[in-house]
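Student: Have a peek at structure31.cif (mmCIF, C-alpha atoms).
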data_start
#
loop_
_atom_site.label_atom_id
_atom_site.label_comp_id
_atom_site.auth_asym_id
_atom_site.auth_seq_id
_atom_site.Cartn_x
_atom_site.Cartn_y
_atom_site.Cartn_z
CA MET A 1 15.25 3.94 -16.32
CA THR A 2 13.05 5.74 -13.89
CA ALA A 3 10.47 4.06 -11.71
CA THR A 4 7.52 5.44 -13.64
CA SER A 5 6.06 2.58 -15.65
CA ALA A 6 3.24 2.85 -18.17
CA PRO A 7 0.13 3.45 -16.06
CA ALA A 8 -2.30 2.29 -18.77
CA THR A 9 -1.30 -1.36 -18.51
CA ALA A 10 -0.46 -1.31 -14.81
CA PRO A 11 -3.40 -3.46 -13.56
CA GLU A 12 -2.57 -6.26 -16.02
CA HIS A 13 1.06 -6.07 -15.04
CA ALA A 14 0.21 -6.12 -11.36
CA ALA A 15 -2.00 -9.18 -11.77
CA ARG A 16 0.69 -11.02 -13.70
CA GLN A 17 3.35 -9.99 -11.22
CA HIS A 18 1.13 -11.37 -8.48
CA TRP A 19 0.67 -14.81 -10.04
CA ILE A 20 4.27 -15.10 -11.20
CA GLY A 21 5.32 -14.23 -7.64
CA VAL A 22 2.99 -16.88 -6.22
CA LEU A 23 4.25 -19.47 -8.69
CA SER A 24 7.88 -18.74 -7.85
CA ARG A 25 7.28 -19.15 -4.10
CA THR A 26 5.28 -22.34 -4.54
CA ARG A 27 6.69 -25.61 -3.32
CA ARG A 28 7.35 -28.20 -5.95
CA ALA A 29 4.91 -30.75 -4.49
CA GLU A 30 2.05 -28.23 -4.49
CA LEU A 31 2.53 -27.52 -8.20
CA LEU A 32 3.01 -31.18 -9.11
CA ARG A 33 -0.53 -31.82 -7.87
CA HIS A 34 -1.74 -29.75 -10.83
CA GLU A 35 0.69 -31.29 -13.31
CA ASN A 36 -1.91 -33.21 -15.33
CA ALA A 37 -4.18 -30.19 -15.72
CA LEU A 38 -1.28 -27.92 -16.67
CA ARG A 39 0.16 -30.30 -19.22
CA ASP A 40 -3.25 -31.00 -20.72
CA ALA A 41 -2.68 -28.66 -23.67
CA GLU A 42 -0.57 -28.67 -26.78
CA TYR A 43 2.56 -26.69 -26.11
CA GLN A 44 6.07 -26.11 -27.35
CA VAL A 45 9.11 -25.43 -25.23
CA ILE A 46 10.70 -22.23 -26.58
CA ARG A 47 13.48 -22.15 -24.04
CA ALA A 48 13.96 -25.48 -22.32
CA PRO A 49 14.37 -25.15 -18.54
CA GLU A 50 17.92 -24.01 -17.88
CA ILE A 51 19.86 -23.34 -14.71
CA GLY A 52 21.93 -20.21 -14.33
CA MET A 53 23.24 -17.76 -11.80
CA THR A 54 22.02 -14.31 -10.98
CA LEU A 55 23.58 -11.59 -8.89
CA VAL A 56 21.34 -10.44 -6.08
CA ARG A 57 21.71 -6.81 -5.10
CA GLY A 58 20.38 -5.08 -2.05
CA ARG A 59 20.27 -1.63 -0.55
CA MET A 60 21.46 -0.72 2.91
CA GLY A 61 18.40 -0.25 5.05
CA GLY A 62 16.23 -0.70 1.96
CA SER A 63 17.03 2.72 0.54
CA GLY A 64 20.80 3.23 0.79
CA ALA A 65 23.58 2.58 -1.66
CA PRO A 66 23.24 -0.66 -3.63
CA PHE A 67 25.62 -3.51 -2.84
CA ASN A 68 26.01 -7.06 -4.06
CA VAL A 69 24.50 -9.56 -1.63
CA GLY A 70 25.73 -12.61 -3.50
CA GLU A 71 24.86 -14.96 -6.31
CA MET A 72 22.06 -17.47 -6.35
CA SER A 73 21.04 -20.20 -8.76
CA VAL A 74 17.98 -19.54 -10.86
CA THR A 75 16.02 -21.75 -13.24
CA ARG A 76 14.12 -20.22 -16.12
CA CYS A 77 11.84 -21.58 -18.80
CA VAL A 78 9.63 -20.29 -21.63
CA VAL A 79 6.79 -22.27 -23.20
CA ARG A 80 4.20 -21.45 -25.84
CA LEU A 81 0.74 -22.93 -26.11
CA ALA A 82 -0.74 -23.86 -29.48
CA ASP A 83 -2.72 -20.59 -29.60
CA GLY A 84 0.41 -18.46 -29.24
CA ARG A 85 0.26 -17.52 -25.57
CA THR A 86 3.76 -17.49 -24.13
CA GLY A 87 4.48 -18.33 -20.50
CA TYR A 88 7.65 -17.35 -18.67
CA SER A 89 9.05 -18.50 -15.36
CA TYR A 90 12.04 -17.56 -13.25
CA LEU A 91 12.49 -19.57 -10.07
CA ALA A 92 15.07 -19.66 -7.32
CA GLY A 93 16.81 -23.03 -7.20
CA ARG A 94 17.59 -25.76 -9.68
CA ASP A 95 14.26 -27.50 -10.26
CA LYS A 96 13.61 -27.81 -14.00
CA ALA A 97 10.24 -29.62 -13.72
CA HIS A 98 9.00 -26.89 -11.40
CA ALA A 99 10.14 -24.18 -13.84
CA GLU A 100 8.32 -25.81 -16.75
CA LEU A 101 5.07 -26.16 -14.80
CA ALA A 102 5.28 -22.56 -13.59
CA ALA A 103 5.79 -21.35 -17.18
CA LEU A 104 2.80 -23.41 -18.31
CA ALA A 105 0.71 -21.92 -15.54
CA ASP A 106 1.74 -18.41 -16.62
CA ALA A 107 0.68 -19.20 -20.19
CA HIS A 108 -2.68 -20.62 -19.10
CA LEU A 109 -3.32 -17.62 -16.86
CA GLN A 110 -3.08 -15.20 -19.78
CA GLY A 111 -5.90 -16.88 -21.65
CA ALA A 112 -9.66 -16.85 -21.64
CA GLN A 113 -9.84 -19.21 -18.66
CA GLN A 114 -7.93 -16.90 -16.39
CA ALA A 115 -10.64 -16.89 -13.71
CA HIS A 116 -10.68 -20.68 -13.63
CA TRP A 117 -6.92 -20.91 -13.16
CA MET A 118 -6.90 -18.14 -10.56
CA ARG A 119 -9.54 -20.00 -8.55
CA GLU A 120 -8.10 -23.49 -8.94
CA LEU A 121 -4.40 -22.76 -8.84
CA ILE A 122 -3.23 -19.35 -7.72
CA GLU A 123 -5.61 -18.61 -4.86
CA PRO A 124 -5.07 -21.93 -3.00
CA LEU A 125 -1.33 -21.58 -3.48
CA ALA A 126 -1.37 -17.98 -2.26
CA GLN A 127 -3.39 -19.03 0.80
CA ALA A 128 -0.97 -21.84 1.57
CA GLN A 129 1.92 -19.39 1.31
CA ALA A 130 0.18 -16.86 3.54
CA ALA A 131 -0.51 -19.60 6.11
CA ARG A 132 3.14 -20.70 6.02
CA ARG A 133 4.31 -17.14 6.40
CA SER A 134 2.02 -16.30 9.31
CA ARG A 135 2.93 -19.59 11.06
CA GLN A 136 6.59 -18.75 10.73
CA GLN A 137 5.99 -15.22 11.94
CA ALA A 138 4.10 -16.58 14.94
CA GLU A 139 6.95 -18.96 15.73
CA THR A 140 9.42 -16.14 15.43
CA ALA A 141 7.27 -13.83 17.52
CA ALA A 142 7.18 -16.41 20.33
CA THR A 143 10.94 -16.11 20.70
CA LYS A 144 10.84 -12.34 20.90
CA VAL A 145 12.65 -10.89 23.88
CA GLU A 146 11.63 -7.52 25.29
CA PHE A 147 14.57 -5.53 26.48
CA PHE A 148 13.77 -2.76 28.86
CA THR A 149 15.59 -0.43 31.12
CA LEU A 150 14.38 0.29 34.61
CA VAL A 151 13.65 3.92 35.03
CA ARG A 152 16.21 5.37 37.35
CA GLY A 153 14.87 7.64 39.98
CA GLU A 154 16.23 10.79 38.52
CA ASN A 155 13.11 12.78 39.04
CA MET B 1 5.23 -8.13 -27.75
CA SER B 2 6.58 -10.34 -30.46
CA ALA B 3 6.24 -13.44 -28.31
CA THR B 4 4.16 -15.25 -30.91
CA LEU B 5 7.12 -15.16 -33.30
CA LEU B 6 9.42 -17.01 -30.94
CA GLN B 7 10.47 -20.51 -31.70
CA PRO B 8 12.86 -23.02 -30.16
CA ALA B 9 16.60 -22.79 -30.81
CA PHE B 10 19.21 -25.55 -30.37
CA ALA B 11 17.79 -28.81 -29.05
CA ASP B 12 20.87 -29.18 -26.83
CA PRO B 13 21.93 -25.57 -26.22
CA VAL B 14 25.37 -26.25 -24.77
CA LEU B 15 26.65 -29.07 -26.99
CA ASP B 16 25.08 -27.84 -30.22
CA ALA B 17 26.53 -24.35 -29.71
CA GLN B 18 29.94 -25.90 -29.00
CA ARG B 19 29.75 -28.06 -32.14
CA SER B 20 28.82 -25.04 -34.26
CA PHE B 21 31.60 -22.99 -32.69
CA ARG B 22 34.05 -25.80 -33.42
CA ALA B 23 32.95 -25.82 -37.07
CA ALA B 24 33.44 -22.03 -37.23
CA LEU B 25 36.95 -22.36 -35.77
CA LYS B 26 37.86 -25.05 -38.29
CA ALA B 27 36.46 -22.94 -41.12
CA LEU B 28 38.68 -19.99 -40.20
CA ALA B 29 41.69 -22.21 -39.52
CA GLY B 30 41.44 -23.78 -42.97
CA PRO B 31 40.26 -21.05 -45.35
CA GLY B 32 38.43 -22.37 -48.38
CA VAL B 33 37.63 -25.79 -46.90
CA THR B 34 33.91 -26.45 -46.62
CA GLN B 35 32.66 -27.47 -43.19
CA SER B 36 29.29 -29.13 -42.76
CA LEU B 37 26.96 -29.07 -39.79
CA LEU B 38 25.01 -32.24 -39.11
CA SER B 39 21.27 -31.80 -39.37
CA ALA B 40 20.89 -33.17 -35.83
CA GLN B 41 22.90 -30.28 -34.42
CA THR B 42 21.34 -27.43 -36.37
CA PRO B 43 18.43 -25.45 -34.92
CA PRO B 44 14.86 -25.64 -36.32
CA HIS B 45 14.21 -23.65 -39.48
CA LEU B 46 13.90 -19.90 -38.98
CA GLU B 47 12.25 -18.10 -41.90
CA GLY B 48 14.88 -16.40 -44.06
CA LEU B 49 17.97 -17.93 -42.48
CA ALA B 50 19.90 -20.93 -43.75
CA SER B 51 20.49 -23.50 -41.04
CA ALA B 52 24.23 -22.80 -40.95
CA SER B 53 23.59 -19.05 -40.57
CA HIS B 54 21.10 -19.68 -37.79
CA ALA B 55 23.45 -22.07 -36.00
CA LEU B 56 26.37 -19.65 -36.21
CA CYS B 57 24.24 -16.77 -34.93
CA LEU B 58 23.17 -18.83 -31.94
CA ALA B 59 26.74 -19.96 -31.28
CA LEU B 60 28.53 -16.63 -31.72
CA LEU B 61 26.15 -13.89 -30.62
CA ASP B 62 25.49 -12.75 -27.10
CA ILE B 63 24.81 -9.62 -25.12
CA ASP B 64 28.28 -8.19 -25.88
CA THR B 65 28.08 -8.52 -29.67
CA PRO B 66 25.97 -5.90 -31.45
CA LEU B 67 24.63 -7.29 -34.72
CA TRP B 68 23.96 -5.47 -37.98
CA LEU B 69 21.29 -7.00 -40.24
CA ALA B 70 21.09 -6.57 -43.98
CA PRO B 71 17.60 -5.41 -45.06
CA LYS B 72 16.77 -8.89 -46.31
CA PHE B 73 17.27 -10.35 -42.83
CA ASP B 74 15.70 -7.47 -40.94
CA THR B 75 12.40 -9.26 -40.37
CA GLN B 76 10.35 -9.40 -37.22
CA ALA B 77 10.87 -13.14 -36.85
CA ILE B 78 14.65 -12.91 -37.12
CA ARG B 79 14.85 -9.89 -34.82
CA ALA B 80 12.60 -11.47 -32.21
CA ASN B 81 14.35 -14.83 -32.16
CA LEU B 82 17.92 -13.55 -32.19
CA THR B 83 17.28 -10.99 -29.46
CA PHE B 84 15.46 -13.60 -27.38
CA HIS B 85 17.87 -16.51 -27.73
CA CYS B 86 21.15 -14.61 -28.04
CA GLY B 87 20.32 -11.39 -26.21
CA CYS B 88 22.34 -9.47 -28.80
CA PRO B 89 21.63 -5.79 -29.44
CA ILE B 90 20.66 -5.11 -33.08
CA VAL B 91 22.25 -1.91 -34.37
CA SER B 92 21.39 0.17 -37.40
CA ASP B 93 24.83 1.63 -38.11
CA ARG B 94 27.57 -0.65 -39.34
CA GLN B 95 30.32 1.04 -37.33
CA ASN B 96 29.03 -0.28 -34.00
CA ALA B 97 28.48 -3.86 -35.11
CA ARG B 98 30.75 -6.74 -34.03
CA PHE B 99 28.91 -9.14 -36.32
CA ALA B 100 26.95 -8.50 -39.50
CA LEU B 101 24.58 -10.76 -41.35
CA LEU B 102 24.61 -10.09 -45.10
CA ASP B 103 23.11 -11.54 -48.23
CA ASP B 104 24.63 -11.47 -51.70
CA SER B 105 23.05 -8.16 -52.66
CA GLN B 106 25.29 -6.25 -50.23
CA LEU B 107 28.69 -7.54 -51.17
CA HIS B 108 29.88 -4.75 -53.46
CA ASP B 109 29.93 -2.36 -50.49
CA LEU B 110 31.70 -3.32 -47.28
CA SER B 111 32.23 0.25 -46.13
CA GLY B 112 31.50 1.26 -42.59
CA PHE B 113 32.34 -2.03 -40.89
CA ASP B 114 34.84 -1.78 -38.05
CA LEU B 115 38.26 -3.09 -39.10
CA GLY B 116 39.63 -3.05 -35.57
CA ASN B 117 42.70 -1.02 -34.75
CA ASP B 118 46.40 -1.73 -34.77
CA ARG B 119 46.45 -2.46 -31.06
CA TYR B 120 43.25 -4.56 -31.04
CA PRO B 121 42.72 -5.94 -34.55
CA ASP B 122 40.47 -8.60 -33.00
CA GLN B 123 37.83 -5.93 -32.37
CA SER B 124 36.89 -5.89 -36.04
CA CYS B 125 33.47 -6.80 -37.36
CA THR B 126 32.98 -10.39 -38.53
CA LEU B 127 30.74 -10.87 -41.56
CA LEU B 128 28.31 -13.76 -41.87
CA ILE B 129 27.44 -13.88 -45.57
CA GLN B 130 24.61 -16.11 -46.62
CA LEU B 131 24.84 -17.34 -50.21
CA PRO B 132 22.55 -19.59 -52.24
CA SER B 133 25.44 -22.03 -52.65
CA LEU B 134 29.17 -22.28 -51.99
CA GLN B 135 29.88 -23.28 -55.60
CA GLY B 136 29.13 -22.08 -59.08
CA GLY B 137 31.19 -18.92 -59.40
CA ARG B 138 34.50 -18.02 -60.88
CA GLN B 139 37.36 -20.10 -59.51
CA VAL B 140 39.92 -18.35 -57.33
CA ALA B 141 43.00 -19.68 -55.58
CA LEU B 142 43.47 -18.96 -51.89
CA ARG B 143 46.88 -18.81 -50.26
CA GLY B 144 48.07 -17.89 -46.82
CA PRO B 145 48.07 -19.16 -43.21
CA GLY B 146 46.22 -22.46 -42.79
CA ILE B 147 46.68 -23.46 -46.44
CA GLU B 148 49.55 -25.75 -47.44
CA THR B 149 49.86 -24.60 -51.05
CA GLN B 150 46.63 -23.40 -52.62
CA ASN B 151 42.93 -23.97 -52.09
CA HIS B 152 40.69 -23.50 -55.09
CA VAL B 153 37.20 -22.24 -54.41
CA SER B 154 34.45 -21.14 -56.76
CA LEU B 155 32.19 -19.05 -54.58
CA PRO B 156 29.34 -17.36 -56.48
CA LEU B 157 30.64 -13.84 -55.86
CA GLN B 158 30.92 -10.78 -58.03
CA GLU B 159 34.27 -9.20 -58.79
CA ALA B 160 33.11 -6.24 -56.72
CA PHE B 161 33.23 -8.27 -53.52
CA TRP B 162 36.89 -9.15 -53.93
CA GLU B 163 37.66 -5.52 -54.67
CA ALA B 164 35.73 -4.34 -51.64
CA ARG B 165 37.51 -6.90 -49.47
CA GLU B 166 40.86 -5.76 -50.78
CA ALA B 167 39.95 -2.15 -50.09
CA HIS B 168 39.07 -2.96 -46.48
CA ASN B 169 42.12 -5.07 -45.73
CA ASP B 170 44.94 -3.27 -44.02
CA PHE B 171 46.63 -6.08 -42.14
CA PRO B 172 46.48 -6.60 -39.17
CA ARG B 173 43.27 -4.62 -39.50
CA GLY B 174 40.61 -6.20 -41.66
CA ILE B 175 37.43 -8.21 -41.88
CA ASP B 176 36.97 -11.93 -41.34
CA VAL B 177 34.20 -13.57 -43.32
CA PHE B 178 32.10 -16.71 -43.04
CA PHE B 179 30.25 -17.83 -46.15
CA LEU B 180 27.13 -19.81 -45.35
CA ALA B 181 24.83 -21.84 -47.55
CA GLY B 182 22.37 -24.50 -46.40
CA SER B 183 24.16 -26.40 -43.65
CA GLU B 184 27.66 -25.64 -44.97
CA LEU B 185 30.13 -22.94 -44.12
CA MET B 186 33.49 -21.71 -45.34
CA GLY B 187 35.86 -19.25 -43.71
CA LEU B 188 37.83 -16.43 -45.31
CA PRO B 189 40.01 -14.70 -42.72
CA ARG B 190 41.72 -11.41 -43.42
CA SER B 191 45.11 -13.14 -43.74
CA THR B 192 44.12 -15.10 -46.85
CA GLN B 193 45.42 -13.89 -50.19
CA VAL B 194 43.24 -14.31 -53.21
CA ALA B 195 44.55 -14.94 -56.74
CA PHE B 196 42.35 -15.16 -59.80
CA LYS B 197 42.97 -17.94 -62.27
CA LYS B 198 44.35 -15.83 -65.10
CA GLY B 199 46.97 -13.84 -63.19
CA GLY B 200 45.49 -10.56 -61.99
CA ALA B 201 44.17 -10.17 -58.43
#
Mind converting the file's structure to structure tokens?
Tutor:
Amino acid sequence: MTATSAPATAPEHAARQHWIGVLSRTRRAELLRHENALRDAEYQVIRAPEIGMTLVRGRMGGSGAPFNVGEMSVTRCVVRLADGRTGYSYLAGRDKAHAELAALADAHLQGAQQAHWMRELIEPLAQAQAARRSRQQAETAATKVEFFTLVRGEN
Amino acid sequence: MSATLLQPAFADPVLDAQRSFRAALKALAGPGVTQSLLSAQTPPHLEGLASASHALCLALLDIDTPLWLAPKFDTQAIRANLTFHCGCPIVSDRQNARFALLDDSQLHDLSGFDLGNDRYPDQSCTLLIQLPSLQGGRQVALRGPGIETQNHVSLPLQEAFWEAREAHNDFPRGIDVFFLAGSELMGLPRSTQVAFKKGGA
């Protein structure tokens, strides 16, 4: 397949990719705080949380020939709410409770109350992730070493 | 998306699939002996499929096994659930199928299914035939590997099926069949010889 995806539905896809990405990077404890709200709906587990392996591939320098980095464990889950909305989750690691909550969140986010869930769930989680990332970048930056070469008096 | 058609499969995916696979093995190892699946190990009802058919699909099909569906089973619900839970490609031409799901209206014509080849007879297509019942037809005697003397079965099948099977049996090439009804299944491997009650065959 080529990289050109259907442009008509791209904004919806991008929004869903964003929240699924946020949910997959969330820490378990952060999502458990919302457990009661997420489970407060009739739902059916279509694919119970299951642990598997996936092969991670990379490209040299980001654009070179693909190679296999290694395998990692992945947990996936699919749920369906009573009104037919289906939520999917794929998470790194082996945490089944986390996978089920993330799938529930995906299902809720596709419904009429999307704005509510974005405000209550996704935005705080995304901010927490951004804060963690910038803190880590700051810590890393503090250890940065500048290598330099003295200019030799050639001229 | 057909996501609204999806429904749960096995309650215990690993053990229930293994139990169903075990029943399928026993059915092929003892042709003509009825095997039963316990209701606790069969998946929830899927419109159009008997529970034994559904269980065997979930146990046998995966991404490497293209499936051919008879028109009766070619419904959105069956397509959506089998592709979701098994990941199997659904093909429209019989030649490419490794498994085929048939009902009793198709049995006079078994042409087109892959019989395997002399080097790899195991690459043949396996038929899953859903019947209303495993009894009630003309009695035939089965003989061959896995049967001590004779097994008598009375599957509700037309004469044309036995003729079609005979025509597509060129041992070691041939077609293995599972008959499915309700939560019961019966195996008929290619090695089994069929004799009708009053001589003939």
Student: Go through B:Ala181, B:Leu134, B:Ala11, B:Ala195 and flag the residue nearest chain A, using all atoms listed in the file for the distances.
Tutor: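 Distance minimum relative to chain A lands on B:Ala11.
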Student: Between CA of Gly137 in chain B and CA of Gln158 in chain B, what is the spacing in Å?
Tutor: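 For CA of Gln158 in chain B relative to CA of Gly137 in chain B, the distance reads 8.3 Å.
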Student: Would you write out, as a tab-separated table, a table of all residues in chain B that have an atom no more than 6 Å from an atom of chain A, listing for each the closest atom pair and the distance in Å to one decimal, considering all atoms listed in the file and ordering rows by chain and rising residue number?
Tutor:
residue	atom	partner	partner_atom	distance
B:Thr4	CA	A:Gly84	CA	5.2
B:Gln7	CA	A:Ile46	CA	5.4
B:Pro8	CA	A:Ile46	CA	4.3
Student: Take the residues from that selection and write them out as an mmCIF file, keeping the file's coordinate frame, keeping C-alpha atoms.
Tutor:
data_model
loop_
_atom_site.group_PDB
_atom_site.id
_atom_site.type_symbol
_atom_site.label_atom_id
_atom_site.label_comp_id
_atom_site.auth_asym_id
_atom_site.auth_seq_id
_atom_site.Cartn_x
_atom_site.Cartn_y
_atom_site.Cartn_z
ATOM 1 C CA THR B 4 4.160 -15.250 -30.910
ATOM 2 C CA GLN B 7 10.470 -20.510 -31.700
ATOM 3 C CA PRO B 8 12.860 -23.020 -30.160
#
Student: Interatomic distance between CA of Phe10 in chain B and CA of Leu127 in chain B?
Tutor: 21.8 Å
Student: Specify as a VMD selection string each residue included when the PyMOL selection byres ((chain A and resi 96-109) around 9) is applied to this file.
Tutor: chain A and resid 16 19 to 20 23 to 24 27 to 29 31 to 32 34 to 35 38 to 39 43 45 48 to 51 75 to 81 85 to 91 93 to 95 110 to 118 121
Student: Excluding Asn68 in chain A and its own-chain neighbours fewer than 3 positions away, which residues fall within 9 Å of it when counting all atoms listed in the file? Please give them as an mmCIF file with C-alpha atoms, in the frame of the given file.
Tutor:
data_model
loop_
_atom_site.group_PDB
_atom_site.id
_atom_site.type_symbol
_atom_site.label_atom_id
_atom_site.label_comp_id
_atom_site.auth_asym_id
_atom_site.auth_seq_id
_atom_site.Cartn_x
_atom_site.Cartn_y
_atom_site.Cartn_z
ATOM 1 C CA LEU A 55 23.580 -11.590 -8.890
ATOM 2 C CA VAL A 56 21.340 -10.440 -6.080
ATOM 3 C CA ARG A 57 21.710 -6.810 -5.100
ATOM 4 C CA GLY A 58 20.380 -5.080 -2.050
ATOM 5 C CA ARG A 59 20.270 -1.630 -0.550
ATOM 6 C CA GLU A 71 24.860 -14.960 -6.310
#
Student: Within 12 Å of Pro189 in chain B, counting all atoms listed in the file, which residues qualify if same-chain residues fewer than 5 places away don't, as a PyMOL selection string?
Tutor: chain B and resi 24-32+122+124-128+142-147+165+169+171-179+194
Student: Using all atoms listed in the file for the distances, tell me which of A:Asp40, A:Gly64, A:Ala128, A:Phe147 is nearest to Val22 in chain A.
Tutor: A:Ala128
Student: Once the PyMOL selection byres ((chain B and resi 131) around 7) has been evaluated on this model, what residues remain selected, and can you format them as a ChimeraX atom specification?
Tutor: /B:103-104,129-130,132-134,179-181
Student: Please save C-alpha atoms of the selected residues as a PDB file, in the frame of the given file.
Tutor:
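Written file, part14.pdb:
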ATOM      1  CA  ASP B 103      23.110 -11.540 -48.230  1.00  0.00           C
ATOM      2  CA  ASP B 104      24.630 -11.470 -51.700  1.00  0.00           C
ATOM      3  CA  ILE B 129      27.440 -13.880 -45.570  1.00  0.00           C
ATOM      4  CA  GLN B 130      24.610 -16.110 -46.620  1.00  0.00           C
ATOM      5  CA  PRO B 132      22.550 -19.590 -52.240  1.00  0.00           C
ATOM      6  CA  SER B 133      25.440 -22.030 -52.650  1.00  0.00           C
ATOM      7  CA  LEU B 134      29.170 -22.280 -51.990  1.00  0.00           C
ATOM      8  CA  PHE B 179      30.250 -17.830 -46.150  1.00  0.00           C
ATOM      9  CA  LEU B 180      27.130 -19.810 -45.350  1.00  0.00           C
ATOM     10  CA  ALA B 181      24.830 -21.840 -47.550  1.00  0.00           C
TER      11      ALA B 181
END
Student: I'd like to see the residues matched by the PyMOL selection byres ((chain B and resi 81-85) around 9) on this file, and ideally I'd get them as a ChimeraX atom specification.
Tutor: /A:47 /B:5-9,46,54,57-58,61-63,76-80,86-90
Student: So which residues touch Leu110 in chain B within 7 Å, counting all atoms listed in the file, skipping near sequence neighbours fewer than 3 positions away, as a list of chain:residue names?
Tutor: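 Skipping anything fewer than 3 positions along the chain leaves B:Leu107, B:Phe113, B:Ala164.
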Student: State, in Å with one decimal place, the distance from CA of His45 in chain B to CA of Ser105 in chain B.
Tutor: 22.2 Å
Student: Which residue is closest to Leu101 in chain B? Choose from B:Arg138, B:Lys72, B:His152, B:Arg119 and count only C-alpha atoms.
Tutor: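 That would be B:Lys72, the residue with the smallest distance to Leu101 in chain B.
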Student: I want to know what sits within 12 Å of range 18-21 of chain B, based on only C-alpha atoms, with residues of the same chain fewer than 2 positions away left out; could you give that as a compact mmCIF listing (two decimals) with C-alpha atoms, keeping the file's coordinate frame?
Tutor:
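Result saved to result_28.txt:
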# COMPACT_ATOMS: atom_id res chain seq x y z
CA PHE B 10 19.21 -25.55 -30.37
CA ASP B 12 20.87 -29.18 -26.83
CA PRO B 13 21.93 -25.57 -26.22
CA VAL B 14 25.37 -26.25 -24.77
CA LEU B 15 26.65 -29.07 -26.99
CA ASP B 16 25.08 -27.84 -30.22
CA ALA B 23 32.95 -25.82 -37.07
CA ALA B 24 33.44 -22.03 -37.23
CA LEU B 25 36.95 -22.36 -35.77
CA LYS B 26 37.86 -25.05 -38.29
CA ALA B 27 36.46 -22.94 -41.12
CA LEU B 28 38.68 -19.99 -40.20
CA GLN B 35 32.66 -27.47 -43.19
CA SER B 36 29.29 -29.13 -42.76
CA LEU B 37 26.96 -29.07 -39.79
CA LEU B 38 25.01 -32.24 -39.11
CA SER B 39 21.27 -31.80 -39.37
CA ALA B 40 20.89 -33.17 -35.83
CA GLN B 41 22.90 -30.28 -34.42
CA THR B 42 21.34 -27.43 -36.37
CA PRO B 43 18.43 -25.45 -34.92
CA SER B 51 20.49 -23.50 -41.04
CA ALA B 52 24.23 -22.80 -40.95
CA SER B 53 23.59 -19.05 -40.57
CA HIS B 54 21.10 -19.68 -37.79
CA ALA B 55 23.45 -22.07 -36.00
CA LEU B 56 26.37 -19.65 -36.21
CA CYS B 57 24.24 -16.77 -34.93
CA LEU B 58 23.17 -18.83 -31.94
CA ALA B 59 26.74 -19.96 -31.28
CA LEU B 60 28.53 -16.63 -31.72
CA LEU B 61 26.15 -13.89 -30.62
CA SER B 183 24.16 -26.40 -43.65
CA GLU B 184 27.66 -25.64 -44.97
CA LEU B 185 30.13 -22.94 -44.12
